[in-house]
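Undergrad: Following this line is upload.tsv, made up of TSV, C-alpha atoms:
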```tsv
chain	number	residue	atom	x	y	z
A	37	MET	CA	-3.88	116.38	132.74
A	38	LYS	CA	-1.47	119.27	132.59
A	39	GLU	CA	-1.03	120.77	129.18
A	40	MET	CA	2.54	121.31	128.16
A	41	THR	CA	2.07	124.27	125.86
A	42	ASP	CA	-0.35	127.14	125.71
A	43	ARG	CA	-1.14	126.21	122.14
A	44	ASN	CA	-2.25	122.78	121.01
A	45	ILE	CA	-0.08	120.98	118.53
A	46	ARG	CA	-2.06	119.67	115.58
A	47	PHE	CA	-1.35	116.01	114.82
A	48	GLY	CA	-2.50	114.68	111.44
A	49	VAL	CA	-2.79	110.89	111.31
A	50	VAL	CA	-2.81	109.49	107.78
A	51	VAL	CA	-5.26	106.65	107.19
A	52	PHE	CA	-4.39	104.18	104.44
A	53	PRO	CA	-6.60	101.20	103.63
A	54	GLY	CA	-5.21	98.63	106.06
A	55	SER	CA	-3.85	101.07	108.65
A	56	ASN	CA	-4.74	99.66	112.06
A	57	CYS	CA	-2.87	101.84	114.56
A	58	ASP	CA	-4.37	105.09	113.30
A	59	HIS	CA	-6.89	105.26	116.13
A	60	ASP	CA	-4.24	104.43	118.72
A	61	ALA	CA	-2.05	107.27	117.48
A	62	HIS	CA	-5.04	109.64	117.37
A	63	HIS	CA	-6.03	108.60	120.92
A	64	ALA	CA	-2.49	109.04	122.24
A	65	ALA	CA	-1.97	112.50	120.72
A	66	GLY	CA	-5.53	113.70	121.30
A	67	ALA	CA	-7.23	112.18	124.33
A	68	LEU	CA	-4.09	111.29	126.30
A	69	LEU	CA	-1.70	114.14	125.49
A	70	GLY	CA	-4.41	116.75	125.11
A	71	GLN	CA	-3.39	117.96	121.67
A	72	SER	CA	-5.60	118.23	118.63
A	73	ALA	CA	-5.65	115.25	116.31
A	74	GLU	CA	-7.19	114.77	112.87
A	75	PHE	CA	-7.43	111.79	110.54
A	76	LEU	CA	-6.15	112.41	107.01
A	77	TRP	CA	-7.62	110.08	104.39
A	78	HIS	CA	-4.97	108.80	101.97
A	79	LYS	CA	-6.90	109.97	98.92
A	80	ASP	CA	-7.12	113.54	100.14
A	81	HIS	CA	-4.59	116.25	99.40
A	82	ASP	CA	-5.26	118.35	102.47
A	83	LEU	CA	-2.97	118.06	105.48
A	84	LYS	CA	-5.46	120.19	107.47
A	85	ASN	CA	-2.75	122.54	108.74
A	86	SER	CA	-1.10	119.79	110.74
A	87	ASP	CA	2.07	120.57	112.67
A	88	VAL	CA	3.03	116.90	112.81
A	89	ILE	CA	2.15	114.11	110.39
A	90	ILE	CA	1.98	110.57	111.70
A	91	LEU	CA	2.08	107.62	109.29
A	92	PRO	CA	0.63	104.93	111.54
A	93	GLY	CA	1.20	101.20	111.85
A	94	GLY	CA	-0.82	98.55	110.11
A	95	PHE	CA	-0.81	96.74	106.81
A	96	SER	CA	-1.41	99.43	104.22
A	97	PHE	CA	-2.75	97.86	101.04
A	98	GLY	CA	-2.35	94.42	102.60
A	99	ASP	CA	1.45	94.74	102.38
A	100	TYR	CA	1.06	93.82	98.70
A	101	LEU	CA	4.29	93.83	96.69
A	102	ARG	CA	6.38	95.09	99.64
A	103	SER	CA	5.34	96.69	102.91
A	104	GLY	CA	4.68	100.36	102.23
A	105	ALA	CA	5.37	100.11	98.49
A	106	ILE	CA	1.84	100.92	97.35
A	107	ALA	CA	0.97	103.41	100.11
A	108	ARG	CA	3.88	105.52	99.04
A	109	PHE	CA	1.94	106.29	95.85
A	110	SER	CA	-1.24	107.38	97.66
A	111	PRO	CA	-2.33	110.92	96.70
A	112	ILE	CA	-1.69	112.35	100.17
A	113	MET	CA	1.93	111.21	100.08
A	114	LYS	CA	2.70	113.95	97.55
A	115	GLU	CA	1.67	116.47	100.18
A	116	VAL	CA	3.48	114.60	102.97
A	117	ILE	CA	6.71	114.53	100.95
A	118	ARG	CA	6.45	118.25	100.21
A	119	PHE	CA	5.69	118.95	103.89
A	120	ALA	CA	8.76	116.93	104.92
A	121	GLN	CA	10.96	118.67	102.38
A	122	ASP	CA	9.82	122.01	103.79
A	123	GLY	CA	10.99	120.93	107.24
A	124	GLY	CA	7.67	119.65	108.62
A	125	VAL	CA	7.77	116.95	111.29
A	126	VAL	CA	6.83	113.52	109.91
A	127	ILE	CA	6.83	110.38	112.04
A	128	GLY	CA	6.45	106.89	110.63
A	129	ILE	CA	5.63	104.16	113.11
A	130	CYS	CA	6.04	100.52	112.06
A	131	ASN	CA	4.25	100.35	108.68
A	132	GLY	CA	4.64	104.13	108.56
A	133	PHE	CA	8.41	103.67	108.83
A	134	GLN	CA	8.21	101.20	105.92
A	135	VAL	CA	6.27	103.79	103.89
A	136	LEU	CA	8.93	106.45	104.63
A	137	VAL	CA	11.82	104.29	103.41
A	138	GLU	CA	9.84	103.32	100.31
A	139	ALA	CA	9.15	107.00	99.66
A	140	GLY	CA	12.84	107.75	99.97
A	141	LEU	CA	12.34	110.12	102.93
A	142	LEU	CA	14.51	107.88	105.10
A	143	PRO	CA	17.48	105.78	104.00
A	144	GLY	CA	17.64	101.98	104.03
A	145	ALA	CA	15.03	99.25	103.83
A	146	LEU	CA	13.03	97.01	106.14
A	147	ILE	CA	13.07	93.35	105.24
A	148	ARG	CA	11.61	90.15	106.68
A	149	ASN	CA	12.50	89.46	110.33
A	150	SER	CA	15.46	87.11	110.51
A	151	SER	CA	13.30	84.67	112.53
A	152	LEU	CA	10.69	84.71	109.71
A	153	ARG	CA	8.14	85.25	112.48
A	154	PHE	CA	5.79	88.06	113.26
A	155	VAL	CA	7.06	89.44	116.57
A	156	CYS	CA	4.55	91.01	118.94
A	157	ARG	CA	5.91	91.82	122.40
A	158	PHE	CA	7.44	94.47	124.60
A	159	VAL	CA	11.06	95.31	123.87
A	160	HIS	CA	13.63	97.55	125.50
A	161	LEU	CA	15.02	100.48	123.55
A	162	ARG	CA	18.11	102.45	124.37
A	163	VAL	CA	17.89	106.13	123.50
A	164	GLU	CA	20.93	106.79	121.33
A	165	ASN	CA	20.30	110.46	120.70
A	166	GLY	CA	18.35	112.34	123.34
A	167	ALA	CA	18.64	115.70	121.62
A	168	THR	CA	16.12	115.35	118.79
A	169	ARG	CA	12.55	116.52	118.32
A	170	LEU	CA	11.42	112.94	119.01
A	171	THR	CA	13.57	112.19	122.07
A	172	ASN	CA	14.29	115.42	123.96
A	173	ARG	CA	12.19	114.28	126.93
A	174	CYS	CA	14.32	111.14	127.24
A	175	LYS	CA	17.74	110.96	128.80
A	176	GLN	CA	20.66	109.95	126.64
A	177	GLY	CA	21.12	106.19	127.10
A	178	GLU	CA	17.78	105.81	128.88
A	179	VAL	CA	16.08	102.43	128.43
A	180	LEU	CA	12.44	102.61	127.30
A	181	THR	CA	9.91	99.78	127.34
A	182	ILE	CA	7.72	99.91	124.25
A	183	PRO	CA	6.02	97.16	122.23
A	184	VAL	CA	6.84	95.98	118.71
A	185	ALA	CA	4.45	94.15	116.38
A	186	HIS	CA	5.83	93.40	112.96
A	187	GLY	CA	6.99	90.76	110.50
A	188	GLU	CA	9.25	92.99	108.45
A	189	GLY	CA	11.26	95.21	110.74
A	190	ASN	CA	14.74	94.03	109.90
A	191	TYR	CA	16.52	97.29	109.12
A	192	ARG	CA	19.16	97.12	106.40
A	193	THR	CA	21.38	99.65	104.75
A	194	ASP	CA	24.74	99.79	103.02
A	195	PRO	CA	27.89	100.27	105.14
A	196	GLU	CA	28.40	103.84	103.91
A	197	THR	CA	24.88	104.94	104.90
A	198	HIS	CA	25.23	103.08	108.19
A	199	ARG	CA	28.41	105.02	108.94
A	200	ARG	CA	26.73	108.33	108.13
A	201	LEU	CA	23.70	107.51	110.31
A	202	GLU	CA	26.05	106.80	113.19
A	203	GLU	CA	28.24	109.86	112.67
A	204	ASN	CA	25.31	112.27	112.35
A	205	GLY	CA	23.50	110.93	115.38
A	206	GLN	CA	20.62	109.79	113.16
A	207	ILE	CA	20.23	106.50	115.02
A	208	LEU	CA	17.55	107.25	117.61
A	209	PHE	CA	16.98	103.89	119.30
A	210	ARG	CA	18.66	100.51	119.51
A	211	TYR	CA	17.07	97.29	120.77
A	212	CYS	CA	18.68	96.36	124.07
A	213	ASP	CA	18.14	94.30	127.19
A	214	LYS	CA	16.82	95.62	130.48
A	215	GLN	CA	20.27	96.87	131.42
A	216	GLY	CA	20.70	98.70	128.12
A	217	ARG	CA	23.07	96.21	126.50
A	218	THR	CA	22.52	95.89	122.75
A	219	THR	CA	22.92	92.13	122.54
A	220	PRO	CA	21.84	89.92	119.62
A	221	GLU	CA	19.30	88.28	121.96
A	222	ALA	CA	17.67	91.65	122.57
A	223	ASN	CA	17.23	92.20	118.85
A	224	PRO	CA	13.71	91.03	117.88
A	225	ASN	CA	14.12	91.10	114.11
A	226	GLY	CA	17.78	90.88	113.11
A	227	SER	CA	18.14	94.60	112.38
A	228	LEU	CA	21.57	95.82	111.44
A	229	ASP	CA	23.38	97.08	114.56
A	230	ASN	CA	20.16	96.60	116.62
A	231	ILE	CA	18.69	99.71	114.95
A	232	ALA	CA	15.08	100.33	115.99
A	233	GLY	CA	14.56	103.91	114.85
A	234	ILE	CA	16.28	106.57	112.76
A	235	MET	CA	15.81	110.11	111.54
A	236	ASN	CA	16.83	111.97	108.40
A	237	GLU	CA	19.87	114.21	108.34
A	238	GLU	CA	17.77	117.36	108.76
A	239	GLY	CA	16.16	115.98	111.91
A	240	ASN	CA	12.51	116.38	110.91
A	241	VAL	CA	11.59	112.93	109.51
A	242	PHE	CA	11.52	110.02	111.95
A	243	GLY	CA	10.94	106.31	111.57
A	244	MET	CA	10.68	103.66	114.24
A	245	MET	CA	9.42	100.08	114.30
A	246	PRO	CA	8.24	100.09	117.97
A	247	HIS	CA	4.83	101.54	118.81
A	248	PRO	CA	5.01	104.47	121.26
A	249	GLU	CA	1.26	105.08	120.83
A	250	ARG	CA	0.61	101.68	122.43
A	251	ALA	CA	2.51	102.67	125.56
A	252	CYS	CA	0.84	105.95	126.52
A	253	ASP	CA	-2.27	105.02	128.46
A	254	PRO	CA	-1.65	104.32	132.18
A	255	LEU	CA	-4.47	101.79	131.88
A	256	LEU	CA	-2.11	99.70	129.77
A	257	ARG	CA	0.58	99.88	132.49
A	258	TYR	CA	3.53	100.98	130.35
A	259	THR	CA	3.73	104.66	129.54
A	260	ASP	CA	7.20	105.23	128.09
A	261	GLY	CA	5.63	106.06	124.73
A	262	ARG	CA	4.40	109.31	126.24
A	263	LYS	CA	7.97	110.55	126.35
A	264	ILE	CA	8.08	110.35	122.56
A	265	PHE	CA	4.87	112.34	122.16
A	266	GLU	CA	5.90	114.79	124.89
A	267	SER	CA	9.24	115.31	123.12
A	268	ILE	CA	7.48	116.21	119.87
A	269	ILE	CA	5.16	118.61	121.66
A	270	ASN	CA	8.06	120.07	123.62
A	271	SER	CA	9.98	120.67	120.40
A	272	PHE	CA	7.33	123.17	119.37
A	273	VAL	CA	7.62	125.18	122.56
A	274	ARG	CA	9.15	128.48	121.61
A	275	PRO	CA	12.55	129.15	123.17
A	276	ALA	CA	11.22	132.57	124.22
A	277	THR	CA	8.82	130.97	126.69
A	278	GLU	CA	11.21	128.30	127.94
A	279	PRO	CA	14.76	129.49	127.37
A	280	GLU	CA	16.37	126.40	128.88
A	281	LEU	CA	15.03	124.34	126.00
A	282	VAL	CA	16.91	126.15	123.26
A	283	SER	CA	19.49	123.41	122.92
A	284	ILE	CA	16.96	120.75	122.01
A	285	HIS	CA	16.10	122.44	118.73
A	286	ASN	CA	18.58	120.24	117.03
A	287	GLY	CA	18.42	120.96	113.33
A	288	GLY	CA	14.63	121.27	113.44
A	289	ARG	CA	12.45	124.13	112.44
B	4	MET	CA	1.34	94.67	72.49
B	5	PHE	CA	4.18	93.14	74.45
B	6	LEU	CA	4.43	90.88	77.47
B	7	ALA	CA	6.82	91.87	80.23
B	8	LYS	CA	8.12	89.13	82.54
B	9	VAL	CA	9.85	90.32	85.67
B	10	HIS	CA	11.79	88.46	88.35
B	11	VAL	CA	12.51	90.31	91.57
B	12	THR	CA	14.99	88.87	94.08
B	13	LEU	CA	16.74	90.15	97.16
B	14	ARG	CA	20.19	91.49	96.34
B	15	LYS	CA	23.09	89.14	96.85
B	16	SER	CA	24.45	91.24	99.71
B	17	ILE	CA	21.18	90.96	101.63
B	18	LEU	CA	20.50	87.93	103.77
B	19	ASP	CA	17.43	86.08	102.51
B	20	PRO	CA	15.97	84.40	105.60
B	21	GLN	CA	13.32	82.57	103.56
B	22	GLY	CA	15.94	81.23	101.20
B	23	LYS	CA	18.01	80.09	104.18
B	24	ALA	CA	15.02	78.28	105.69
B	25	VAL	CA	14.39	76.48	102.39
B	26	GLU	CA	18.07	75.60	102.18
B	27	HIS	CA	17.86	73.92	105.58
B	28	ALA	CA	14.74	72.04	104.47
B	29	VAL	CA	16.55	70.84	101.36
B	30	ALA	CA	19.33	69.48	103.56
B	31	THR	CA	16.76	67.68	105.72
B	32	LEU	CA	15.20	66.29	102.57
B	33	GLY	CA	18.51	64.59	101.95
B	34	VAL	CA	19.37	66.19	98.61
B	35	VAL	CA	23.02	67.19	98.66
B	36	GLY	CA	24.84	69.86	96.69
B	37	VAL	CA	22.11	72.52	96.88
B	38	ASP	CA	22.92	75.96	98.23
B	39	GLU	CA	22.38	79.70	97.73
B	40	VAL	CA	18.60	79.39	97.63
B	41	ARG	CA	17.05	82.80	96.92
B	42	ILE	CA	13.33	83.46	97.06
B	43	GLY	CA	11.82	86.15	94.90
B	44	LYS	CA	8.72	87.18	93.01
B	45	TYR	CA	7.57	86.69	89.46
B	46	ILE	CA	5.41	89.43	87.96
B	47	GLU	CA	4.08	89.72	84.42
B	48	PHE	CA	2.13	92.43	82.69
B	49	ARG	CA	1.13	93.56	79.20
B	50	VAL	CA	2.66	96.76	77.94
B	51	ASP	CA	1.88	98.75	74.85
B	52	GLY	CA	4.51	100.33	72.62
B	53	LYS	CA	5.23	101.19	69.01
B	54	SER	CA	8.42	99.18	69.21
B	55	GLU	CA	9.91	96.60	71.51
B	56	GLN	CA	12.39	99.25	72.62
B	57	GLU	CA	9.60	101.60	73.64
B	58	ALA	CA	7.75	98.87	75.51
B	59	ARG	CA	10.95	97.85	77.27
B	60	GLU	CA	11.61	101.40	78.43
B	61	ALA	CA	8.13	101.68	79.91
B	62	ALA	CA	8.43	98.27	81.57
B	63	GLU	CA	11.84	99.14	82.98
B	64	GLN	CA	10.46	102.26	84.57
B	65	VAL	CA	7.74	100.20	86.26
B	66	CYS	CA	10.39	97.81	87.57
B	67	ARG	CA	12.73	100.48	88.83
B	68	LYS	CA	10.18	102.74	90.45
B	69	LEU	CA	7.65	100.25	91.78
B	70	LEU	CA	8.22	96.52	91.42
B	71	ALA	CA	11.72	96.38	92.88
B	72	ASN	CA	13.21	98.43	95.70
B	73	PRO	CA	16.78	99.08	94.55
B	74	VAL	CA	17.97	99.36	98.16
B	75	MET	CA	17.37	95.67	98.69
B	76	GLU	CA	16.25	94.04	95.44
B	77	ASP	CA	17.45	93.29	91.94
B	78	PHE	CA	15.19	92.61	88.99
B	79	SER	CA	15.50	90.95	85.63
B	80	LEU	CA	13.16	91.86	82.79
B	81	VAL	CA	12.22	90.06	79.59
B	82	VAL	CA	9.96	91.78	77.04
B	83	GLU	CA	8.49	89.70	74.25
B	84	PRO	CA	5.98	90.44	71.47
B	85	GLN	CA	2.50	89.07	72.04
```
Take the structure I supplied and represent it as structure tokens, if you would.

TA:
Amino acid sequence: MKEMTDRNIRFGVVVFPGSNCDHDAHHAAGALLGQSAEFLWHKDHDLKNSDVIILPGGFSFGDYLRSGAIARFSPIMKEVIRFAQDGGVVIGICNGFQVLVEAGLLPGALIRNSSLRFVCRFVHLRVENGATRLTNRCKQGEVLTIPVAHGEGNYRTDPETHRRLEENGQILFRYCDKQGRTTPEANPNGSLDNIAGIMNEEGNVFGMMPHPERACDPLLRYTDGRKIFESIINSFVRPATEPELVSIHNGGR
Amino acid sequence: MFLAKVHVTLRKSILDPQGKAVEHAVATLGVVGVDEVRIGKYIEFRVDGKSEQEAREAAEQVCRKLLANPVMEDFSLVVEPQ
């Protein structure tokens, strides 16, 4: 496997009690993408010099009270919040996305799917902003095939925040059909405006309900998730070594 | 010692799919004139304080910062002496 940078990017994967996609994320970043990956126990305070923090999917604290509500108070979250405020790259996948909105690092909320069912299947995502640290290896408007697995992924926010997300290009992905049309039928959970993933205004904190780490291994047939990981890695490549990539450093560090 | 009783419900502006499902079941049941079903949580806890005011302030903080997510939920709080 060809390495994309001369230096490995260090991924830190936070492990909460009830996380269940932590090993998948570790495997994707480490074994499949050839970067270094470390688990970070939720009670620790040490981010182990990570370049990227992943809050993985799962059911942290059994989803008690609300999904992500308890995890947000885990000791390591203090460090994660500080890291994010200093411009560090933080990615919340599924339950990790729920933790990020509960922690106030991303706007909005994720409520029960409109179908009231847990939805576990492949979905199509349209890349709405291909110039971010999470999507720079995707083409604008490209349709990705990535699985979702959640019961509470129905993204909600007030009209004012929704408008700002749209204007600032903070909407990363929308649920769509194979042809890229964002129809109600293509929306697995009833999310406002088919929103599947967003970022903060500064462009360093990302949340998405679909699981890119589950679509990285060629053994599992679908590999579009790699583009997400490759984008992150690519965003650390110094412009000096690859001048043509300068433009993708969109608001990031 | 005081007892705090908290109700948390989804805000009016937020669709409550569970409430909607129950509403449909009520209609199937044959009872007419029932609508706007909202499903929420009831939480109670004991809270110490020199006065009811002090206990209420502590309980309110728990509600605002943990028990309810203000983006999507409202809460109502009753504090009574125990």

Undergrad: May I have the residues within 12 Å of B:Ala61 as a count of residues only, using all atoms listed in the file and disregarding those fewer than 2 positions away in the same chain?

TA: 24

Undergrad: Measure the distance from atom CA of A:Gly187 to atom CA of A:Leu152 in Å and round it to one decimal.

TA: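 Distance reported for this atom pair: 7.1 Å.
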
Undergrad: Go through chain B residue by residue and, counting only C-alpha atoms, keep those with an atom at most 8 Å from chain A; for each kept residue give the shortest atom pair and its distance in Å to one decimal, ordered by chain and increasing number, as a Markdown table.

TA:
```
| residue | atom | partner | partner_atom | distance |
| --- | --- | --- | --- | --- |
| B:Pro20 | CA | A:Ser150 | CA | 5.6 |
| B:Gln21 | CA | A:Leu152 | CA | 7.0 |
| B:Leu69 | CA | A:Ala105 | CA | 7.1 |
| B:Leu70 | CA | A:Leu101 | CA | 7.1 |
| B:Asn72 | CA | A:Glu138 | CA | 7.5 |
| B:Val74 | CA | A:Ala145 | CA | 6.4 |
| B:Met75 | CA | A:Ala145 | CA | 6.7 |
```

Undergrad: Hey, can you spit out that residue selection with C-alpha atoms as a compact mmCIF listing (two decimals), keeping the file's coordinate frame?

TA:
```
# COMPACT_ATOMS: atom_id res chain seq x y z
CA PRO B 20 15.97 84.40 105.60
CA GLN B 21 13.32 82.57 103.56
CA LEU B 69 7.65 100.25 91.78
CA LEU B 70 8.22 96.52 91.42
CA ASN B 72 13.21 98.43 95.70
CA VAL B 74 17.97 99.36 98.16
CA MET B 75 17.37 95.67 98.69
```

Undergrad: Which of these, B:Thr31, B:Gln85, B:Ser79, B:Ala24, has the shortest distance to A:Arg153 once you count all atoms listed in the file?

TA: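 Going through B:Thr31, B:Gln85, B:Ser79, B:Ala24 one by one, the smallest distance to A:Arg153 is for B:Ala24.
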
Undergrad: When you draw a straight line from atom CA of A:Thr168 to atom CA of A:Gly233, how long is it in Å?

TA: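 Pair atom CA of A:Thr168 / atom CA of A:Gly233 returns 12.2 Å.
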
Undergrad: What is the distance between atom CA of A:Ala139 and atom CA of A:Ala107, in Å to one decimal?

TA: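 Straight-line distance from atom CA of A:Ala139 to atom CA of A:Ala107 works out to 8.9 Å.
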
Undergrad: Kindly provide, as a PDB file with C-alpha atoms, in the coordinates of the input, the polymer residues lying within 7 Å of (11.5, 87.0, 91.9), counting only C-alpha atoms and using the coordinates exactly as they appear in the file.

TA:
```
ATOM      1  CA  HIS B  10      11.790  88.460  88.350  1.00  0.00           C
ATOM      2  CA  VAL B  11      12.510  90.310  91.570  1.00  0.00           C
ATOM      3  CA  THR B  12      14.990  88.870  94.080  1.00  0.00           C
ATOM      4  CA  ILE B  42      13.330  83.460  97.060  1.00  0.00           C
ATOM      5  CA  GLY B  43      11.820  86.150  94.900  1.00  0.00           C
ATOM      6  CA  LYS B  44       8.720  87.180  93.010  1.00  0.00           C
ATOM      7  CA  TYR B  45       7.570  86.690  89.460  1.00  0.00           C
TER       8      TYR B  45
END
```

Undergrad: Which of these residues is nearest to B:Gly22, using all atoms listed in the file: B:Val34, B:Lys8, B:Pro73, B:Val40?

TA: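 Residue with the minimum atom-to-atom distance to B:Gly22: B:Val40.
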
Undergrad: I want to know what sits within 9 Å of A:Gly124, based on all atoms listed in the file, with residues of the same chain fewer than 2 positions away left out; could you give that as a ChimeraX atom specification?

TA: /A:87-89,116,118-122,126,240-241,288-289

Undergrad: So that I can see what lies close to stretch 47-63 of chain A, please list as a list in words the residues with an atom at most 6 Å from it, counting all atoms listed in the file and leaving out residues fewer than 2 positions away in the same chain.

TA: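 Close residues of stretch 47-63 of chain A: Ala65, Gly66, Ala67, Ala73, Glu74, Phe75, Leu76, Trp77, His78, Ser86, Val88, Ile89, Ile90, Leu91, Pro92, Gly93, Gly94, Phe95, Ser96, Phe97 and Glu249 of chain A.
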
Undergrad: Which residue out of A:Asn223, A:Arg210, A:Val125, A:Tyr258 has the minimum interatomic distance to A:Arg169 when only C-alpha atoms are used?

TA: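 Comparing A:Asn223, A:Arg210, A:Val125, A:Tyr258 against A:Arg169, the winner is A:Val125.
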
Undergrad: With 9 Å as the threshold, what does the neighbourhood of (4.9, 99.4, 122.7) contain in terms of residues, counting all atoms listed in the file? Coordinates are those of the file; answer as a ChimeraX atom specification.

TA: /A:157-159,181-185,246-252,258-261

Undergrad: Complete stretch 20-33 of chain B with N, CA, C and O atoms (output as a short mmCIF file (atom, residue, chain, number, x, y, z; two decimals), keeping the file's coordinate frame).

TA:
```cif
data_model
loop_
_atom_site.label_atom_id
_atom_site.label_comp_id
_atom_site.auth_asym_id
_atom_site.auth_seq_id
_atom_site.Cartn_x
_atom_site.Cartn_y
_atom_site.Cartn_z
N PRO B 20 16.31 85.39 104.58
CA PRO B 20 15.97 84.40 105.60
C PRO B 20 15.07 83.28 105.08
O PRO B 20 15.20 82.13 105.49
N GLN B 21 14.18 83.61 104.14
CA GLN B 21 13.32 82.57 103.56
C GLN B 21 14.14 81.57 102.78
O GLN B 21 13.94 80.36 102.87
N GLY B 22 15.06 82.09 101.99
CA GLY B 22 15.94 81.23 101.20
C GLY B 22 16.74 80.31 102.12
O GLY B 22 16.88 79.11 101.86
N LYS B 23 17.23 80.88 103.21
CA LYS B 23 18.01 80.09 104.18
C LYS B 23 17.18 78.96 104.78
O LYS B 23 17.64 77.83 104.91
N ALA B 24 15.91 79.29 105.10
CA ALA B 24 15.02 78.28 105.69
C ALA B 24 14.79 77.14 104.70
O ALA B 24 14.79 75.96 105.06
N VAL B 25 14.61 77.50 103.42
CA VAL B 25 14.39 76.48 102.39
C VAL B 25 15.65 75.63 102.22
O VAL B 25 15.59 74.41 102.08
N GLU B 26 16.79 76.31 102.30
CA GLU B 26 18.07 75.60 102.18
C GLU B 26 18.19 74.52 103.26
O GLU B 26 18.60 73.39 102.98
N HIS B 27 17.81 74.89 104.48
CA HIS B 27 17.86 73.92 105.58
C HIS B 27 16.90 72.76 105.33
O HIS B 27 17.21 71.61 105.61
N ALA B 28 15.72 73.09 104.77
CA ALA B 28 14.74 72.04 104.47
C ALA B 28 15.27 71.10 103.41
O ALA B 28 15.04 69.89 103.46
N VAL B 29 15.97 71.67 102.44
CA VAL B 29 16.55 70.84 101.36
C VAL B 29 17.55 69.85 101.97
O VAL B 29 17.57 68.67 101.62
N ALA B 30 18.34 70.34 102.91
CA ALA B 30 19.33 69.48 103.56
C ALA B 30 18.62 68.35 104.31
O ALA B 30 19.04 67.19 104.25
N THR B 31 17.53 68.70 104.99
CA THR B 31 16.76 67.68 105.72
C THR B 31 16.16 66.66 104.76
O THR B 31 16.07 65.48 105.05
N LEU B 32 15.77 67.16 103.61
CA LEU B 32 15.20 66.29 102.57
C LEU B 32 16.22 65.25 102.13
O LEU B 32 15.87 64.17 101.65
N GLY B 33 17.47 65.56 102.28
CA GLY B 33 18.51 64.59 101.95
C GLY B 33 19.16 64.83 100.60
O GLY B 33 20.02 64.05 100.18
#
```
